[in-house]
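S.K.: Got coords11.cif for you, mmCIF, C-alpha atoms and all ligand atoms:
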```
data_structure
loop_
_atom_site.label_atom_id
_atom_site.label_comp_id
_atom_site.auth_asym_id
_atom_site.auth_seq_id
_atom_site.Cartn_x
_atom_site.Cartn_y
_atom_site.Cartn_z
CA MET S 1 0.00 0.00 0.00
CA LYS S 2 1.40 3.40 -1.04
CA VAL S 3 0.91 5.67 1.97
CA LEU S 4 1.00 9.45 2.34
CA THR S 5 1.07 11.07 5.78
CA LEU S 6 -0.51 14.51 5.45
CA ILE S 7 0.15 17.29 7.96
CA VAL S 8 -1.34 20.76 7.56
CA THR S 9 0.47 23.56 9.33
CA TYR S 10 0.31 27.17 10.35
CA ASN S 11 3.19 28.48 12.48
CA GLU S 12 4.50 25.08 13.54
CA ALA S 13 8.22 25.47 12.68
CA GLU S 14 9.53 24.02 15.92
CA ASN S 15 7.00 21.18 16.06
CA ILE S 16 7.33 20.13 12.43
CA ALA S 17 11.13 19.85 12.61
CA ALA S 18 10.71 17.18 15.31
CA LEU S 19 7.52 15.57 13.99
CA VAL S 20 8.51 14.66 10.42
CA PRO S 21 11.43 12.40 11.53
CA GLU S 22 9.14 10.78 14.13
CA VAL S 23 6.49 10.02 11.49
CA LEU S 24 9.12 8.42 9.27
CA ARG S 25 10.46 6.44 12.21
CA TYR S 26 7.06 4.86 12.88
CA VAL S 27 5.89 4.54 9.27
CA PRO S 28 9.09 4.31 7.21
CA THR S 29 7.21 3.20 4.09
CA SER S 30 5.19 6.41 4.09
CA SER S 31 5.82 9.67 2.28
CA VAL S 32 5.14 12.85 4.23
CA LEU S 33 3.41 15.90 2.74
CA VAL S 34 3.15 19.16 4.67
CA VAL S 35 0.63 21.73 3.42
CA ASP S 36 1.57 25.09 4.90
CA ASP S 37 -0.20 28.41 4.44
CA ALA S 38 2.92 30.60 4.13
CA SER S 39 3.42 30.62 7.92
CA PRO S 40 5.29 33.73 9.02
CA ASP S 41 7.51 31.59 11.29
CA GLY S 42 9.05 29.81 8.27
CA THR S 43 7.47 26.37 8.76
CA ALA S 44 7.65 25.69 5.00
CA SER S 45 11.40 26.42 4.88
CA VAL S 46 11.98 23.96 7.72
CA VAL S 47 10.15 21.27 5.74
CA SER S 48 11.99 22.19 2.51
CA ALA S 49 15.30 21.61 4.32
CA LEU S 50 14.06 18.18 5.49
CA ALA S 51 12.88 17.42 1.94
CA GLN S 52 16.38 18.06 0.59
CA GLN S 53 17.73 15.35 2.87
CA ASP S 54 14.91 12.83 2.39
CA SER S 55 12.99 12.21 -0.84
CA ARG S 56 9.98 10.90 1.10
CA VAL S 57 9.28 14.45 2.37
CA SER S 58 7.60 17.24 0.40
CA VAL S 59 5.88 20.55 1.08
CA ILE S 60 3.17 22.60 -0.58
CA CYS S 61 3.34 26.25 0.47
CA ARG S 62 0.04 27.98 -0.30
CA GLN S 63 0.08 31.73 -0.85
CA GLY S 64 -2.92 33.90 0.02
CA GLU S 65 -5.03 31.04 1.32
CA ARG S 66 -5.75 30.06 4.92
CA GLY S 67 -7.71 27.24 6.47
CA TYR S 68 -7.38 23.81 8.01
CA GLY S 69 -10.09 22.36 5.78
CA SER S 70 -8.90 23.73 2.45
CA ALA S 71 -5.29 22.76 3.27
CA MET S 72 -6.46 19.21 4.01
CA ILE S 73 -8.36 19.13 0.69
CA ALA S 74 -5.26 20.34 -1.18
CA GLY S 75 -3.22 17.53 0.39
CA MET S 76 -5.86 14.89 -0.28
CA ARG S 77 -6.17 15.94 -3.92
CA HIS S 78 -2.41 15.69 -4.24
CA ALA S 79 -2.51 12.18 -2.74
CA ILE S 80 -5.20 11.04 -5.18
CA ALA S 81 -3.44 12.58 -8.20
CA ALA S 82 -0.08 11.05 -7.20
CA GLY S 83 -1.58 7.55 -6.92
CA PHE S 84 -1.35 7.00 -3.16
CA ASP S 85 -3.58 4.23 -1.77
CA ALA S 86 -3.91 5.60 1.75
CA VAL S 87 -3.73 8.95 3.49
CA LEU S 88 -2.91 9.34 7.19
CA THR S 89 -3.57 12.72 8.82
CA LEU S 90 -2.31 14.14 12.10
CA ASP S 91 -1.81 17.54 13.73
CA ALA S 92 1.66 19.05 13.76
CA ASP S 93 1.64 19.85 17.48
CA PHE S 94 2.23 16.31 18.86
CA SER S 95 -1.35 16.14 20.17
CA HIS S 96 -1.51 13.03 18.01
CA ASN S 97 1.24 10.57 18.84
CA PRO S 98 3.01 9.39 15.66
CA ALA S 99 3.57 6.04 17.41
CA ASP S 100 -0.18 5.41 16.88
CA LEU S 101 0.06 5.83 13.08
CA PRO S 102 0.77 2.11 12.41
CA LYS S 103 -2.49 1.23 14.26
CA LEU S 104 -4.49 3.61 12.06
CA LEU S 105 -2.80 2.25 8.95
CA SER S 106 -3.29 -1.44 9.71
CA ALA S 107 -6.96 -0.85 10.61
CA LEU S 108 -7.37 0.48 7.04
CA ASP S 109 -7.02 -3.11 5.81
CA ALA S 110 -10.62 -3.65 6.90
CA ALA S 111 -12.14 -0.17 6.73
CA ASP S 112 -12.37 2.81 4.39
CA VAL S 113 -11.70 5.30 7.19
CA THR S 114 -9.99 4.89 10.55
CA ILE S 115 -10.31 7.42 13.35
CA GLY S 116 -7.90 7.87 16.23
CA SER S 117 -10.61 8.18 18.85
CA ARG S 118 -10.21 9.99 22.18
CA TYR S 119 -13.56 8.80 23.46
CA THR S 120 -13.89 5.14 22.46
CA GLY S 121 -13.71 2.88 25.52
CA GLY S 122 -13.29 5.78 27.95
CA VAL S 123 -11.89 9.30 27.80
CA ARG S 124 -8.17 9.69 27.05
CA VAL S 125 -7.15 13.34 26.93
CA LEU S 126 -4.11 14.79 28.69
CA ASN S 127 -3.57 18.40 29.82
CA TRP S 128 -7.07 19.68 29.10
CA ASP S 129 -9.07 21.48 31.73
CA VAL S 130 -12.64 20.30 32.36
CA LYS S 131 -14.08 23.20 30.33
CA ARG S 132 -12.10 22.22 27.22
CA LEU S 133 -13.07 18.56 27.63
CA LEU S 134 -16.76 19.37 28.04
CA LEU S 135 -16.57 21.61 24.96
CA SER S 136 -15.12 18.77 22.90
CA LEU S 137 -17.57 16.15 24.21
CA GLY S 138 -20.45 18.61 23.70
CA ALA S 139 -19.29 19.41 20.16
CA ASN S 140 -19.20 15.71 19.33
CA ALA S 141 -22.67 15.05 20.75
CA TYR S 142 -24.04 18.11 18.94
CA VAL S 143 -22.63 17.16 15.56
CA ARG S 144 -23.72 13.53 15.95
CA TYR S 145 -27.27 14.59 16.76
CA LEU S 146 -27.59 16.96 13.81
CA SER S 147 -25.66 14.99 11.20
CA GLY S 148 -26.67 11.45 12.14
CA LEU S 149 -23.02 10.37 12.13
CA GLN S 150 -22.49 7.39 14.37
CA CYS S 151 -18.81 7.74 15.27
CA VAL S 152 -17.93 8.46 18.88
CA ASP S 153 -15.18 10.95 17.95
CA CYS S 154 -16.39 12.80 14.84
CA THR S 155 -14.05 15.76 15.35
CA SER S 156 -10.74 13.94 15.65
CA GLY S 157 -8.25 14.94 12.98
CA PHE S 158 -6.11 11.87 13.62
CA ARG S 159 -7.31 9.62 10.80
CA GLY S 160 -6.58 7.19 8.02
CA TYR S 161 -8.43 7.18 4.69
CA ARG S 162 -8.37 4.87 1.74
CA ALA S 163 -7.67 7.17 -1.19
CA SER S 164 -10.40 5.39 -3.18
CA ALA S 165 -13.01 6.57 -0.63
CA LEU S 166 -11.77 10.17 -0.91
CA ALA S 167 -11.70 10.01 -4.71
CA ARG S 168 -15.38 8.99 -4.87
CA VAL S 169 -16.64 12.34 -3.52
CA ASP S 170 -16.38 15.99 -4.51
CA LEU S 171 -13.96 17.29 -1.88
CA GLY S 172 -14.37 20.82 -3.26
CA SER S 173 -18.00 20.82 -2.04
CA ILE S 174 -16.70 21.02 1.54
CA ARG S 175 -16.28 24.68 2.32
CA THR S 176 -15.59 24.56 6.05
CA SER S 177 -12.28 26.04 7.11
CA GLY S 178 -11.87 25.01 10.77
CA TYR S 179 -12.26 21.68 12.53
CA ALA S 180 -15.96 21.54 11.46
CA PHE S 181 -14.36 20.23 8.26
CA LEU S 182 -13.78 16.88 9.98
CA PRO S 183 -17.40 15.77 10.61
CA GLU S 184 -18.43 17.33 7.28
CA LEU S 185 -15.91 15.16 5.43
CA LEU S 186 -17.26 12.03 7.16
CA PHE S 187 -20.80 13.07 6.26
CA THR S 188 -19.79 13.73 2.65
CA LEU S 189 -18.05 10.35 2.37
CA GLY S 190 -21.47 8.74 3.02
CA ALA S 191 -21.72 5.00 3.47
CA VAL S 192 -18.11 4.15 4.13
CA SER S 193 -16.92 1.70 6.76
CA ILE S 194 -15.25 3.31 9.75
CA ASP S 195 -13.07 1.87 12.49
CA GLU S 196 -12.40 3.89 15.62
CA VAL S 197 -9.03 3.09 17.11
CA PRO S 198 -8.52 4.21 20.72
CA ILE S 199 -5.73 6.78 21.09
CA CYS S 200 -4.54 9.15 23.78
CA TYR S 201 -4.64 12.88 22.92
CA THR S 202 -2.19 15.31 24.53
CA GLU S 203 -2.62 19.09 24.44
CA ARG S 204 0.18 20.91 22.61
CA ARG S 205 3.23 22.09 24.57
CA VAL S 206 4.85 24.24 21.86
CA GLY S 207 3.20 26.90 19.70
CA GLU S 208 -0.34 28.23 19.77
CA SER S 209 -3.75 26.77 18.97
CA LYS S 210 -5.48 28.29 15.93
CA MET S 211 -8.89 27.87 17.50
CA SER S 212 -10.68 31.19 16.99
CA LYS S 213 -14.15 32.67 17.44
CA ARG S 214 -14.68 32.20 13.73
CA VAL S 215 -13.77 28.50 13.93
CA ILE S 216 -16.15 28.05 16.90
CA ALA S 217 -18.98 29.92 15.14
CA GLU S 218 -18.52 27.71 12.08
CA ALA S 219 -18.57 24.59 14.29
CA ILE S 220 -21.91 25.72 15.75
CA LEU S 221 -23.59 26.69 12.47
CA ARG S 222 -22.21 24.18 9.98
CA PRO S 223 -23.81 21.02 11.46
CA TRP S 224 -27.21 22.56 10.70
CA ILE S 225 -26.27 22.44 7.01
CA LEU S 226 -25.52 18.75 7.49
CA ALA S 227 -28.95 18.33 9.13
CA ALA S 228 -30.55 19.97 6.09
CA ARG S 229 -28.54 17.82 3.70
CA ARG S 230 -29.59 14.77 5.72
CA ILE S 231 -33.25 15.61 5.09
CA GLY S 232 -32.39 16.29 1.45
CA ARG S 233 -30.88 12.85 1.09
CA GLY S 234 -34.36 11.44 1.80
CA LYS S 235 -32.97 8.43 3.52
CA THR S 236 -30.30 8.99 6.12
CA VAL S 237 -26.98 7.56 5.03
CA VAL S 238 -24.84 7.05 8.09
CA PRO S 239 -21.52 5.29 8.00
CA PRO S 240 -21.72 1.87 9.60
CA ARG S 241 -19.51 1.94 12.65
CA ARG S 242 -17.20 -0.86 13.69
CA VAL S 243 -14.99 -0.71 16.70
CA ALA S 244 -11.42 -1.89 16.32
CA PRO S 245 -10.55 -5.19 18.00
CA GLY S 246 -9.66 -4.72 21.65
CA ALA S 247 -11.68 -1.55 22.05
CA ALA S 248 -14.65 -1.58 24.37
CA ALA S 249 -17.70 -0.24 22.57
CA THR S 250 -19.24 2.76 24.29
CA ASP S 251 -21.91 4.93 22.83
CA GLN S 252 -22.09 8.47 24.09
N1 LIG S 301 -2.39 24.94 6.57
C1 LIG S 301 -3.07 25.31 7.68
N2 LIG S 301 -2.97 24.56 8.80
C2 LIG S 301 -3.66 24.98 9.90
C3 LIG S 301 -4.48 26.12 9.91
N3 LIG S 301 -5.05 26.23 11.15
C4 LIG S 301 -4.59 25.20 11.88
N4 LIG S 301 -3.74 24.43 11.14
C5 LIG S 301 -3.02 23.23 11.57
O1 LIG S 301 -3.99 22.28 11.95
C6 LIG S 301 -3.53 21.50 13.04
C7 LIG S 301 -4.49 21.63 14.23
O2 LIG S 301 -4.53 22.98 14.64
P1 LIG S 301 -4.46 23.44 16.15
O3 LIG S 301 -4.20 24.89 16.18
O4 LIG S 301 -3.53 22.54 16.91
O5 LIG S 301 -5.96 23.19 16.60
P2 LIG S 301 -6.48 22.67 18.02
O6 LIG S 301 -5.72 21.40 18.33
O7 LIG S 301 -7.95 22.46 17.78
O8 LIG S 301 -6.18 23.76 18.98
C8 LIG S 301 -2.12 22.01 13.35
O9 LIG S 301 -1.18 21.22 12.66
C9 LIG S 301 -2.15 23.42 12.80
O10 LIG S 301 -0.88 23.95 12.46
C10 LIG S 301 -4.58 26.90 8.69
O11 LIG S 301 -5.26 27.91 8.59
N5 LIG S 301 -3.86 26.44 7.61
MG MG S 302 -3.70 21.23 18.49
#
```
Is it possible to give me this structure as structure tokens?
M.R.:
Amino acid sequence: MKVLTLIVTYNEAENIAALVPEVLRYVPTSSVLVVDDASPDGTASVVSALAQQDSRVSVICRQGERGYGSAMIAGMRHAIAAGFDAVLTLDADFSHNPADLPKLLSALDAADVTIGSRYTGGVRVLNWDVKRLLLSLGANAYVRYLSGLQCVDCTSGFRGYRASALARVDLGSIRTSGYAFLPELLFTLGAVSIDEVPICYTERRVGESKMSKRVIAEAILRPWILAARRIGRGKTVVPPRRVAPGAAATDQ
């Protein structure tokens, strides 16, 4: 299986310098693509220097465009066009442990999409205060209710995708820019099989979160569009959910 690990970045120079070698350590057969939005801290130059030493590494530096969602779409389109079979995604800030990537990849043998899930079989989040945790759990419950998605952790960006599943849909129809992109992509993928793999999430130690009022407003409003699309579909299409072996099934 030809695998691309996709990392989107904004101002992650220090993190990305450490993360790319870690990704390649855990998934040496993978290529790594970083999609950066011309970060003022020079993230793209850091990746370019890594790319000169290792042909598995590449960077797309977008000018005049910002957004988690559109950067993800750019990377996914690249993966499809370049003939990759699988795409793994993780945040640059070490919230997602690259040591878990092989689990997400091997679960793709039996699923179209795999999700590194913070909330399957318990709650595994480090260094979040209760308010932040409740916000995340609330956001998940909210989006599940409106969209009909059946995954426990719909807003996790730690994922694996079969490229064939991504290629079947119009990625350009997804206009969300913040993390609301993540449930919207699952909704758009339709009846794909999904495995949730339990992972532990750790809040970033270096750099700053890009969570903004705009991103939060989008995350509140956007699921209503999914609710409307759900009615429009006539018959609700929700991805069948399977829990990875070893994980206790909990519905929240
Ligand atoms: N290319 C790009 N990446 C972004 C943008 N906003 C966030 N990211 C990246 O998306 C990932 C998750 O963002 P982060 O700020 O950690 O979000 P949080 O974990 O929800 O606080 C990180 O790798 C960020 O650098 C953006 O506008 N463009
Ligand atoms: Mg983060």
S.K.: Between CA of Leu101 (chain S) and CA of Arg222 (chain S), what is the distance, to one decimal in Å?
M.R.: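 Value for the CA of Leu101 (chain S)-CA of Arg222 (chain S) distance: 29.0 Å.
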S.K.: Fewer than 4 positions away in the same chain doesn't count, so skip those; otherwise give me all residues within 7 Å of Asp112 (chain S), counting all atoms listed in the file, as a list in words.
M.R.: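 Non-adjacent residues within range: Leu108, Tyr161, Arg162, Ala165, Val192, Ser193 and Ile194 of chain S.
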S.K.: Considering only C-alpha atoms, can you say which of S:Tyr201, S:Trp224, S:Tyr26, S:Tyr142 comes closest to Ser117 (chain S)?
M.R.: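 Of all the options, S:Tyr201 lies closest to Ser117 (chain S).
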S.K.: Distance limit 6 Å, reference ligand LIG 301 (chain S), atoms considered: only C-alpha atoms and all ligand atoms. Which residues make the cut? Give them as a list in words.
M.R.: Val8, Thr9, Tyr10, Glu12, Val35, Asp36, Asp37, Arg66, Gly67, Tyr68, Ala71, Asp91, Ala92, Asp93, Ser209, Lys210 and Met211 of chain S
S.K.: Restricting the calculation to only C-alpha atoms and all ligand atoms: of S:Ile7, S:Leu104, S:Ala79, S:Leu50, which residue gets closest to ligand MG 302 (chain S)?
M.R.: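 That would be S:Ile7, the residue with the smallest distance to ligand MG 302 (chain S).
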S.K.: Could you give me, as a VMD selection string, the residues within 12 Å of Ala49 (chain S), counting only C-alpha atoms and dropping anything in the same chain fewer than 4 positions from it?
M.R.: chain S and resid 13 16 to 17 20 42 to 45 53 to 55 57 to 59
S.K.: For Arg118 (chain S), please output as a PDB file with C-alpha atoms, keeping the file's coordinate frame all residues within 9 Å (counting only C-alpha atoms; exclusion window: fewer than 3 positions along the same chain).
M.R.:
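The file below, part_5.pdb, is the result:
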```pdb
ATOM      1  CA  GLY S 121     -13.710   2.880  25.520  1.00  0.00           C
ATOM      2  CA  GLY S 122     -13.290   5.780  27.950  1.00  0.00           C
ATOM      3  CA  VAL S 123     -11.890   9.300  27.800  1.00  0.00           C
ATOM      4  CA  ARG S 124      -8.170   9.690  27.050  1.00  0.00           C
ATOM      5  CA  VAL S 125      -7.150  13.340  26.930  1.00  0.00           C
ATOM      6  CA  VAL S 152     -17.930   8.460  18.880  1.00  0.00           C
ATOM      7  CA  ASP S 153     -15.180  10.950  17.950  1.00  0.00           C
ATOM      8  CA  SER S 156     -10.740  13.940  15.650  1.00  0.00           C
ATOM      9  CA  VAL S 197      -9.030   3.090  17.110  1.00  0.00           C
ATOM     10  CA  PRO S 198      -8.520   4.210  20.720  1.00  0.00           C
ATOM     11  CA  ILE S 199      -5.730   6.780  21.090  1.00  0.00           C
ATOM     12  CA  CYS S 200      -4.540   9.150  23.780  1.00  0.00           C
ATOM     13  CA  TYR S 201      -4.640  12.880  22.920  1.00  0.00           C
TER      14      TYR S 201
END
```
S.K.: Which polymer residues have any atom within 10 Å of an atom of Ser70 (chain S), counting only C-alpha atoms, with same-chain residues fewer than 4 positions away left out, as a VMD selection string?
M.R.: chain S and resid 8 35 65 to 66 74 to 76 171 to 172 174 to 178 181
S.K.: Between CA of Pro98 (chain S) and CA of Val23 (chain S), what is the distance, to one decimal in Å?
M.R.: 5.5 Å
S.K.: Need the shell around Arg159 (chain S): protein/DNA/RNA residues with any atom at most 10 Å away, counting all atoms listed in the file. Skip same-chain ones fewer than 4 positions apart. Format as a list in words?
M.R.: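 After dropping sequence-adjacent residues, the list is Thr5, Leu6, Val87, Leu88, Thr89, Leu90, His96, Leu101, Leu104, Leu105, Leu108, Val113, Thr114, Ile115, Gly116, Ser117, Leu182, Asp195, Glu196 and Val197 of chain S.
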S.K.: Using the file's own x, y and z axes, so that the box edges lie along x, y and z, what centre and edge lengths in Å (one decimal) does a box around every listed atom of region 203-207 of chain S get when 8 Å is added on each side? Give it as AutoDock Vina command-line options.
M.R.:
```
--center_x 1.1 --center_y 23.0 --center_z 22.1 --size_x 23.5 --size_y 23.8 --size_z 20.9
```
S.K.: Rounded to one decimal, what separation in Å do you get between CA of Asn127 (chain S) and CA of Glu203 (chain S)?
M.R.: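 Spanning CA of Asn127 (chain S) to CA of Glu203 (chain S) is a straight-line distance of 5.5 Å.
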S.K.: Would you mind telling me which residue in S:Asn11, S:Thr120, S:Ser173, S:Ser164 lies nearest to ligand MG 302 (chain S) when using only C-alpha atoms and all ligand atoms?
M.R.: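 Of S:Asn11, S:Thr120, S:Ser173, S:Ser164, the one nearest ligand MG 302 (chain S), counting only C-alpha atoms and all ligand atoms, is S:Asn11.
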S.K.: Could you tell me which of S:Leu185, S:Leu133, S:Ala38, S:Ile220 comes closest to Thr202 (chain S) if we count all atoms listed in the file?
M.R.: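 Of the candidates, the smallest distance to Thr202 (chain S) is held by S:Leu133.
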